[in-house]
file protein_28.cif (mmCIF, C-alpha atoms)
data_entry
loop_
_atom_site.label_atom_id
_atom_site.label_comp_id
_atom_site.auth_asym_id
_atom_site.auth_seq_id
_atom_site.Cartn_x
_atom_site.Cartn_y
_atom_site.Cartn_z
CA MET A 700 22.52 85.90 -34.30
CA ASN A 701 22.85 86.58 -30.55
CA SER A 702 25.35 84.45 -28.70
CA PRO A 703 23.79 82.39 -25.89
CA VAL A 704 23.99 83.92 -22.41
CA LEU A 705 26.12 81.95 -19.97
CA LEU A 706 24.19 81.31 -16.77
CA PRO A 707 26.12 81.36 -13.49
CA PRO A 708 26.90 77.93 -12.00
CA PRO A 709 25.50 77.03 -8.55
CA PRO A 710 27.29 79.01 -5.81
CA GLN A 711 30.00 76.98 -4.10
CA ASN A 712 29.22 78.22 -0.60
CA GLU A 713 26.92 80.42 1.47
CA ALA A 714 29.22 83.47 1.20
CA GLU A 715 29.16 83.31 -2.60
CA LEU A 716 25.35 82.97 -2.63
CA LEU A 717 24.95 86.00 -0.34
CA GLN A 718 27.40 88.02 -2.43
CA ARG A 719 25.41 87.27 -5.59
CA ALA A 720 22.15 88.16 -3.85
CA GLN A 721 23.60 91.46 -2.59
CA GLN A 722 24.69 92.33 -6.14
CA LEU A 723 21.05 92.09 -7.26
CA ALA A 724 19.85 94.60 -4.63
CA GLY A 725 18.67 97.87 -6.17
CA GLN A 726 18.56 96.53 -9.74
CA THR A 727 15.37 96.66 -11.80
CA PHE A 728 13.73 93.58 -13.28
CA ALA A 729 14.36 95.10 -16.74
CA ALA A 730 18.11 95.31 -16.09
CA LEU A 731 18.29 91.77 -14.69
CA ALA A 732 16.25 90.36 -17.58
CA ALA A 733 18.41 92.18 -20.16
CA GLN A 734 21.58 90.64 -18.65
CA LEU A 735 20.11 87.19 -19.42
CA GLY A 736 18.53 88.14 -22.75
CA LEU A 737 15.00 87.56 -21.42
CA PRO A 738 11.86 89.51 -22.32
CA VAL A 739 9.92 91.16 -19.48
CA PRO A 740 6.22 90.22 -19.42
CA ALA A 741 3.69 93.07 -19.31
CA ASP A 742 2.41 91.80 -15.97
CA LEU A 743 2.43 88.66 -13.82
CA ARG A 744 -1.13 87.45 -14.42
CA ARG A 745 0.05 84.74 -16.81
CA ASP A 746 3.65 84.65 -15.60
CA LYS A 747 3.23 84.29 -11.86
CA GLY A 748 6.60 82.61 -11.30
CA TRP A 749 8.61 84.88 -13.61
CA VAL A 750 10.29 87.01 -10.93
CA GLY A 751 11.32 83.97 -8.89
CA MET A 752 12.73 82.32 -12.02
CA LEU A 753 14.67 85.48 -12.95
CA ILE A 754 16.32 85.67 -9.53
CA GLU A 755 16.97 81.90 -9.43
CA LEU A 756 18.83 82.14 -12.76
CA HIS A 757 21.01 85.01 -11.52
CA LEU A 758 21.83 83.19 -8.29
CA GLY A 759 22.54 79.80 -9.93
CA ALA A 760 19.70 77.86 -8.26
CA SER A 761 19.55 74.23 -9.31
CA ALA A 762 16.30 72.75 -7.97
CA GLY A 763 13.88 74.22 -10.51
CA SER A 764 10.47 72.73 -9.78
CA LYS A 765 11.93 69.75 -7.92
CA ALA A 766 10.86 69.12 -4.33
CA GLU A 767 14.30 69.77 -2.84
CA GLN A 768 15.62 73.13 -1.63
CA ASP A 769 16.65 75.63 -4.33
CA PHE A 770 20.29 75.37 -3.19
CA ALA A 771 20.15 71.79 -1.94
CA HIS A 772 23.96 71.47 -1.67
CA LEU A 773 23.91 74.41 0.79
CA GLY A 774 20.65 73.44 2.51
CA ILE A 775 19.10 76.81 1.59
CA GLU A 776 15.68 77.62 0.13
CA LEU A 777 15.10 80.84 -1.87
CA LYS A 778 11.92 82.87 -1.24
CA THR A 779 11.14 86.09 -3.07
CA ILE A 780 8.56 88.19 -1.22
CA PRO A 781 6.67 91.13 -2.79
CA VAL A 782 6.57 94.13 -0.43
CA ASP A 783 4.96 97.58 -0.47
CA ALA A 784 6.76 100.94 -0.18
CA LEU A 785 7.00 100.47 3.61
CA GLY A 786 8.60 97.02 3.29
CA LYS A 787 5.46 95.13 4.38
CA PRO A 788 4.62 91.85 2.61
CA LEU A 789 1.78 92.08 0.10
CA GLU A 790 0.87 88.40 0.03
CA THR A 791 1.33 85.07 1.77
CA THR A 792 4.40 82.96 0.91
CA PHE A 793 4.03 79.50 -0.63
CA VAL A 794 6.12 76.86 1.18
CA CYS A 795 5.26 73.50 -0.40
CA VAL A 796 2.38 71.25 -1.44
CA ALA A 797 0.41 69.76 1.46
CA PRO A 798 0.29 65.93 1.38
CA LEU A 799 -3.35 64.82 1.67
CA THR A 800 -2.75 61.04 1.80
CA GLY A 801 -0.04 58.67 3.08
CA ASN A 802 0.71 60.68 6.20
CA SER A 803 1.07 57.90 8.75
CA GLY A 804 4.33 58.24 10.66
CA VAL A 805 5.16 61.73 9.36
CA THR A 806 6.41 64.06 12.10
CA TRP A 807 7.33 67.74 12.15
CA GLU A 808 11.03 66.78 12.23
CA THR A 809 10.71 64.77 9.01
CA SER A 810 8.14 67.03 7.32
CA HIS A 811 8.66 68.74 3.99
CA VAL A 812 7.61 72.08 5.52
CA ARG A 813 10.37 72.00 8.12
CA HIS A 814 12.91 70.90 5.52
CA LYS A 815 11.96 73.83 3.26
CA LEU A 816 12.05 76.35 6.14
CA ALA A 817 15.28 75.11 7.76
CA ARG A 818 17.25 77.96 6.15
CA VAL A 819 15.72 80.54 3.84
CA LEU A 820 17.28 83.27 1.73
CA TRP A 821 14.55 85.93 1.70
CA ILE A 822 14.72 88.44 -1.14
CA PRO A 823 12.15 91.26 -0.93
CA ILE A 824 10.98 92.62 -4.28
CA GLU A 825 8.91 95.71 -5.09
CA GLY A 826 5.34 94.54 -5.51
CA ASP A 827 3.37 97.77 -5.95
CA ARG A 828 1.08 97.10 -8.93
CA ALA A 829 1.12 100.79 -9.84
CA LEU A 830 4.79 100.33 -10.80
CA PRO A 831 5.44 98.80 -14.25
CA LEU A 832 6.95 95.33 -13.81
CA ALA A 833 10.12 96.31 -15.69
CA ASP A 834 10.78 99.20 -13.27
CA ARG A 835 10.36 97.26 -10.04
CA ARG A 836 13.53 96.64 -8.07
CA VAL A 837 15.05 93.87 -5.99
CA GLY A 838 15.66 94.50 -2.28
CA SER A 839 18.45 93.52 0.09
CA PRO A 840 18.67 89.78 0.90
CA MET A 841 18.28 88.21 4.33
CA LEU A 842 19.45 84.72 5.32
CA TRP A 843 17.22 83.32 8.07
CA GLN A 844 16.75 80.15 10.04
CA PRO A 845 14.02 79.65 12.63
CA SER A 846 14.72 80.29 16.29
CA GLU A 847 13.52 77.73 18.85
CA GLU A 848 10.40 79.82 19.46
CA GLU A 849 9.66 80.17 15.74
CA ASP A 850 10.22 76.45 15.19
CA GLN A 851 7.84 75.64 18.06
CA GLN A 852 5.01 77.84 16.73
CA LEU A 853 5.42 76.52 13.19
CA ARG A 854 5.36 72.98 14.60
CA GLU A 855 2.10 73.67 16.47
CA ASP A 856 0.46 75.08 13.34
CA TRP A 857 1.70 72.17 11.20
CA GLU A 858 0.47 69.57 13.73
CA GLU A 859 -2.97 71.22 13.95
CA LEU A 860 -3.34 71.29 10.16
CA MET A 861 -1.99 67.78 9.59
CA ASP A 862 -4.29 66.39 12.30
CA MET A 863 -7.25 67.82 10.39
CA ILE A 864 -6.03 66.25 7.13
CA VAL A 865 -5.46 62.83 8.74
CA LEU A 866 -8.87 62.95 10.47
CA GLY A 867 -10.64 63.56 7.17
CA GLN A 868 -11.39 67.24 7.82
CA VAL A 869 -9.48 68.71 4.88
CA GLU A 870 -12.64 70.40 3.56
CA ARG A 871 -13.07 72.19 6.90
CA ILE A 872 -9.62 73.81 6.88
CA THR A 873 -9.80 77.56 6.28
CA ALA A 874 -7.08 80.22 5.93
CA ARG A 875 -7.81 81.21 9.54
CA HIS A 876 -6.42 77.94 10.93
CA GLY A 877 -2.81 78.26 12.16
CA ALA A 878 -1.14 81.33 13.67
CA TRP A 879 1.69 81.57 11.11
CA LEU A 880 1.20 78.61 8.79
CA GLN A 881 -1.97 78.09 6.79
CA ILE A 882 -3.29 75.65 4.21
CA ARG A 883 -5.06 76.93 1.10
CA PRO A 884 -6.20 75.37 -2.19
CA LYS A 885 -3.44 75.44 -4.80
CA ALA A 886 -4.68 74.61 -8.28
CA ALA A 887 -4.67 76.26 -11.67
CA ASN A 888 -8.37 75.47 -12.03
CA SER A 889 -11.23 73.78 -10.19
CA LYS A 890 -10.92 70.62 -12.33
CA ALA A 891 -7.43 69.76 -11.03
CA LEU A 892 -8.53 67.41 -8.25
CA THR A 893 -6.42 65.10 -6.10
CA GLU A 894 -7.17 62.25 -3.70
CA ALA A 895 -7.72 62.89 0.00
CA ILE A 896 -9.38 61.24 3.02
CA GLY A 897 -13.02 61.94 3.85
CA GLU A 898 -14.65 62.25 7.27
CA HIS A 899 -15.38 58.53 7.46
CA GLY A 900 -11.97 57.43 6.19
CA GLU A 901 -13.21 57.04 2.62
CA PRO A 902 -11.19 58.31 -0.37
CA ILE A 903 -12.49 61.62 -1.75
CA MET A 904 -11.41 63.96 -4.54
CA THR A 905 -10.58 67.55 -3.61
CA LEU A 906 -8.51 70.51 -4.75
CA PRO A 907 -4.76 70.22 -4.10
CA ARG A 908 -3.65 72.20 -1.06
CA GLY A 909 -0.47 74.11 -0.27
CA PHE A 910 1.22 75.31 2.91
CA TYR A 911 1.66 79.09 3.05
CA LEU A 912 3.33 81.43 5.56
CA LYS A 913 0.94 84.16 6.68
CA LYS A 914 1.84 87.84 6.52
CA SER A 915 1.52 87.82 10.33
CA PHE A 916 4.78 85.83 10.29
CA THR A 917 6.73 87.35 7.38
CA GLY A 918 5.80 90.97 8.25
CA PRO A 919 7.48 91.01 11.70
CA LEU A 920 10.35 88.89 10.32
CA LEU A 921 11.20 91.51 7.69
CA ALA A 922 10.59 94.37 10.13
CA ARG A 923 13.07 92.93 12.67
CA HIS A 924 15.76 92.40 10.08
CA PHE A 925 15.43 95.70 8.22
CA LEU A 926 14.52 97.73 11.35
CA LEU A 927 11.31 98.99 9.76
#

call {"tool": "encode", "arguments": {"input": "protein_28.cif", "output": "structure tokens"}}
result
Amino acid sequence: MNSPVLLPPPPQNEAELLQRAQQLAGQTFAALAAQLGLPVPADLRRDKGWVGMLIELHLGASAGSKAEQDFAHLGIELKTIPVDALGKPLETTFVCVAPLTGNSGVTWETSHVRHKLARVLWIPIEGDRALPLADRRVGSPMLWQPSEEEDQQLREDWEELMDMIVLGQVERITARHGAWLQIRPKAANSKALTEAIGEHGEPIMTLPRGFYLKKSFTGPLLARHFLL
């Protein structure tokens, strides 16, 4: 019988977290999974969160699916981001669920989006679907926090989107709204409905929504850091 694998405890400080993240760079998913005694799925169609979970376990993240940051004691959120061979993001990045009711008095400063994006440890991962999942590798980490200009643009996007939700226009929001931040449906299936506000202030049922960072934001962010 195999002895249980000891998972690393949460990192005590930022330096320890970065050191752990740098040790993952260049390793394949197969190697990282083997170190924890985990099987590698054939693909991510049914295991969408598998890569994020694998990296969280190696880094000692504690939040799991809770609403707080992945490393709440350090005030740092972890975001894995699939990139192509040129280091360009392949998809948008989920930030958090968008609240569709009970938004009176919420400001950008107190918003969940700003809390999640206050400090982010970005870890690029190979996302080319031609590569078998087991052979894909982890990239070099980047610890980021928004500049004043970035914070201002994210605030403007958030305020535009939240105004539409509060004014009962949730069904009119498309992925084109927002320069860097967008709202999209986030549900496993079309039957998973949640309450929202309609155009006349009446309660309606709609698909849950999530905040996502567009590639127009994450692409230049990665390019600046890695000098692509």

call {"tool": "closest_residue", "arguments": {"input": "protein_28.cif", "among": "A:Leu830, A:Ile775, A:Ala895, A:Met861", "to": "Ala817 in chain A", "atoms": "all atoms listed in the file"}}
result
A:Ile775

call {"tool": "closest_residue", "arguments": {"input": "protein_28.cif", "among": "A:Leu912, A:Pro845, A:Met904, A:Leu866", "to": "Ala878 in chain A", "atoms": "all atoms listed in the file"}}
result
A:Leu912

call {"tool": "residues_around", "arguments": {"input": "protein_28.cif", "residues": "Gln851 in chain A", "least_positions_apart": "4", "cutoff": "12 Å", "atoms": "all atoms listed in the file", "output": "count of residues only"}}
result
13

call {"tool": "closest_residue", "arguments": {"input": "protein_28.cif", "among": "A:Phe793, A:Trp843, A:Asp827, A:Ala760", "to": "Lys885 in chain A", "atoms": "all atoms listed in the file"}}
result
A:Phe793

call {"tool": "resolve_selection", "arguments": {"input": "protein_28.cif", "expression": "the PyMOL selection byres ((chain A and resi 822) around 8)", "output": "list in words"}}
result
Ala720, Leu777, Lys778, Thr779, Ile780, Leu820, Trp821, Pro823, Ile824, Val837, Gly838, Ser839, Pro840 and Met841 of chain A

call {"tool": "build_atoms", "arguments": {"input": "protein_28.cif", "residues": "range 846-881 of chain A", "atoms": "N, CA and C atoms", "output": "PDB file, in the coordinates of the input"}}
result
ATOM      1  N   SER A 846      14.303  80.411  14.898  1.00  0.00           N
ATOM      2  CA  SER A 846      14.720  80.290  16.290  1.00  0.00           C
ATOM      3  C   SER A 846      13.928  79.143  16.922  1.00  0.00           C
ATOM      4  N   GLU A 847      14.270  78.793  18.161  1.00  0.00           N
ATOM      5  CA  GLU A 847      13.520  77.730  18.850  1.00  0.00           C
ATOM      6  C   GLU A 847      12.058  78.102  18.982  1.00  0.00           C
ATOM      7  N   GLU A 848      11.788  79.374  19.297  1.00  0.00           N
ATOM      8  CA  GLU A 848      10.400  79.820  19.460  1.00  0.00           C
ATOM      9  C   GLU A 848       9.652  79.762  18.134  1.00  0.00           C
ATOM     10  N   GLU A 849      10.300  80.203  17.067  1.00  0.00           N
ATOM     11  CA  GLU A 849       9.660  80.170  15.740  1.00  0.00           C
ATOM     12  C   GLU A 849       9.397  78.724  15.318  1.00  0.00           C
ATOM     13  N   ASP A 850      10.381  77.866  15.546  1.00  0.00           N
ATOM     14  CA  ASP A 850      10.220  76.450  15.190  1.00  0.00           C
ATOM     15  C   ASP A 850       9.044  75.832  15.958  1.00  0.00           C
ATOM     16  N   GLN A 851       8.909  76.189  17.225  1.00  0.00           N
ATOM     17  CA  GLN A 851       7.840  75.640  18.060  1.00  0.00           C
ATOM     18  C   GLN A 851       6.461  76.080  17.555  1.00  0.00           C
ATOM     19  N   GLN A 852       6.312  77.358  17.212  1.00  0.00           N
ATOM     20  CA  GLN A 852       5.010  77.840  16.730  1.00  0.00           C
ATOM     21  C   GLN A 852       4.672  77.225  15.373  1.00  0.00           C
ATOM     22  N   LEU A 853       5.659  77.139  14.498  1.00  0.00           N
ATOM     23  CA  LEU A 853       5.420  76.520  13.190  1.00  0.00           C
ATOM     24  C   LEU A 853       5.042  75.052  13.359  1.00  0.00           C
ATOM     25  N   ARG A 854       5.683  74.375  14.309  1.00  0.00           N
ATOM     26  CA  ARG A 854       5.360  72.980  14.600  1.00  0.00           C
ATOM     27  C   ARG A 854       3.895  72.859  15.054  1.00  0.00           C
ATOM     28  N   GLU A 855       3.474  73.735  15.961  1.00  0.00           N
ATOM     29  CA  GLU A 855       2.100  73.670  16.470  1.00  0.00           C
ATOM     30  C   GLU A 855       1.089  73.881  15.341  1.00  0.00           C
ATOM     31  N   ASP A 856       1.358  74.853  14.476  1.00  0.00           N
ATOM     32  CA  ASP A 856       0.460  75.080  13.340  1.00  0.00           C
ATOM     33  C   ASP A 856       0.426  73.857  12.432  1.00  0.00           C
ATOM     34  N   TRP A 857       1.612  73.331  12.103  1.00  0.00           N
ATOM     35  CA  TRP A 857       1.700  72.170  11.200  1.00  0.00           C
ATOM     36  C   TRP A 857       0.941  70.982  11.795  1.00  0.00           C
ATOM     37  N   GLU A 858       1.131  70.722  13.100  1.00  0.00           N
ATOM     38  CA  GLU A 858       0.470  69.570  13.730  1.00  0.00           C
ATOM     39  C   GLU A 858      -1.051  69.738  13.726  1.00  0.00           C
ATOM     40  N   GLU A 859      -1.521  70.961  13.983  1.00  0.00           N
ATOM     41  CA  GLU A 859      -2.970  71.220  13.950  1.00  0.00           C
ATOM     42  C   GLU A 859      -3.539  70.941  12.555  1.00  0.00           C
ATOM     43  N   LEU A 860      -2.862  71.443  11.543  1.00  0.00           N
ATOM     44  CA  LEU A 860      -3.340  71.290  10.160  1.00  0.00           C
ATOM     45  C   LEU A 860      -3.247  69.841   9.693  1.00  0.00           C
ATOM     46  N   MET A 861      -2.142  69.177  10.019  1.00  0.00           N
ATOM     47  CA  MET A 861      -1.990  67.780   9.590  1.00  0.00           C
ATOM     48  C   MET A 861      -2.976  66.873  10.312  1.00  0.00           C
ATOM     49  N   ASP A 862      -3.283  67.170  11.587  1.00  0.00           N
ATOM     50  CA  ASP A 862      -4.290  66.390  12.300  1.00  0.00           C
ATOM     51  C   ASP A 862      -5.632  66.471  11.569  1.00  0.00           C
ATOM     52  N   MET A 863      -5.978  67.652  11.097  1.00  0.00           N
ATOM     53  CA  MET A 863      -7.250  67.820  10.390  1.00  0.00           C
ATOM     54  C   MET A 863      -7.251  67.020   9.073  1.00  0.00           C
ATOM     55  N   ILE A 864      -6.119  67.021   8.382  1.00  0.00           N
ATOM     56  CA  ILE A 864      -6.030  66.250   7.130  1.00  0.00           C
ATOM     57  C   ILE A 864      -6.189  64.759   7.412  1.00  0.00           C
ATOM     58  N   VAL A 865      -5.453  64.267   8.420  1.00  0.00           N
ATOM     59  CA  VAL A 865      -5.460  62.830   8.740  1.00  0.00           C
ATOM     60  C   VAL A 865      -6.840  62.381   9.230  1.00  0.00           C
ATOM     61  N   LEU A 866      -7.552  63.287   9.934  1.00  0.00           N
ATOM     62  CA  LEU A 866      -8.870  62.950  10.470  1.00  0.00           C
ATOM     63  C   LEU A 866      -9.995  63.170   9.465  1.00  0.00           C
ATOM     64  N   GLY A 867      -9.622  63.442   8.210  1.00  0.00           N
ATOM     65  CA  GLY A 867     -10.640  63.560   7.170  1.00  0.00           C
ATOM     66  C   GLY A 867     -11.366  64.896   7.167  1.00  0.00           C
ATOM     67  N   GLN A 868     -10.723  65.931   7.736  1.00  0.00           N
ATOM     68  CA  GLN A 868     -11.390  67.240   7.820  1.00  0.00           C
ATOM     69  C   GLN A 868     -10.764  68.271   6.878  1.00  0.00           C
ATOM     70  N   VAL A 869     -10.174  67.794   5.786  1.00  0.00           N
ATOM     71  CA  VAL A 869      -9.480  68.710   4.880  1.00  0.00           C
ATOM     72  C   VAL A 869     -10.416  69.787   4.354  1.00  0.00           C
ATOM     73  N   GLU A 870     -11.689  69.428   4.112  1.00  0.00           N
ATOM     74  CA  GLU A 870     -12.640  70.400   3.560  1.00  0.00           C
ATOM     75  C   GLU A 870     -13.020  71.465   4.589  1.00  0.00           C
ATOM     76  N   ARG A 871     -12.722  71.217   5.856  1.00  0.00           N
ATOM     77  CA  ARG A 871     -13.070  72.190   6.900  1.00  0.00           C
ATOM     78  C   ARG A 871     -11.949  73.177   7.170  1.00  0.00           C
ATOM     79  N   ILE A 872     -10.759  72.921   6.622  1.00  0.00           N
ATOM     80  CA  ILE A 872      -9.620  73.810   6.880  1.00  0.00           C
ATOM     81  C   ILE A 872      -9.842  75.134   6.156  1.00  0.00           C
ATOM     82  N   THR A 873      -9.710  76.235   6.894  1.00  0.00           N
ATOM     83  CA  THR A 873      -9.800  77.560   6.280  1.00  0.00           C
ATOM     84  C   THR A 873      -8.464  78.276   6.476  1.00  0.00           C
ATOM     85  N   ALA A 874      -8.319  79.426   5.815  1.00  0.00           N
ATOM     86  CA  ALA A 874      -7.080  80.220   5.930  1.00  0.00           C
ATOM     87  C   ALA A 874      -6.881  80.755   7.336  1.00  0.00           C
ATOM     88  N   ARG A 875      -7.929  80.696   8.171  1.00  0.00           N
ATOM     89  CA  ARG A 875      -7.810  81.210   9.540  1.00  0.00           C
ATOM     90  C   ARG A 875      -7.126  80.202  10.466  1.00  0.00           C
ATOM     91  N   HIS A 876      -7.104  78.928  10.093  1.00  0.00           N
ATOM     92  CA  HIS A 876      -6.420  77.940  10.930  1.00  0.00           C
ATOM     93  C   HIS A 876      -4.908  78.192  10.897  1.00  0.00           C
ATOM     94  N   GLY A 877      -4.255  78.033  12.068  1.00  0.00           N
ATOM     95  CA  GLY A 877      -2.810  78.260  12.160  1.00  0.00           C
ATOM     96  C   GLY A 877      -2.486  79.715  12.439  1.00  0.00           C
ATOM     97  N   ALA A 878      -1.545  79.953  13.342  1.00  0.00           N
ATOM     98  CA  ALA A 878      -1.140  81.330  13.670  1.00  0.00           C
ATOM     99  C   ALA A 878      -0.235  81.905  12.580  1.00  0.00           C
ATOM    100  N   TRP A 879       0.728  81.110  12.122  1.00  0.00           N
ATOM    101  CA  TRP A 879       1.690  81.570  11.110  1.00  0.00           C
ATOM    102  C   TRP A 879       1.627  80.771   9.823  1.00  0.00           C
ATOM    103  N   LEU A 880       1.220  79.519   9.940  1.00  0.00           N
ATOM    104  CA  LEU A 880       1.200  78.610   8.790  1.00  0.00           C
ATOM    105  C   LEU A 880      -0.241  78.320   8.452  1.00  0.00           C
ATOM    106  N   GLN A 881      -0.604  78.406   7.190  1.00  0.00           N
ATOM    107  CA  GLN A 881      -1.970  78.090   6.790  1.00  0.00           C
ATOM    108  C   GLN A 881      -1.959  77.116   5.616  1.00  0.00           C
TER     109      GLN A 881
END
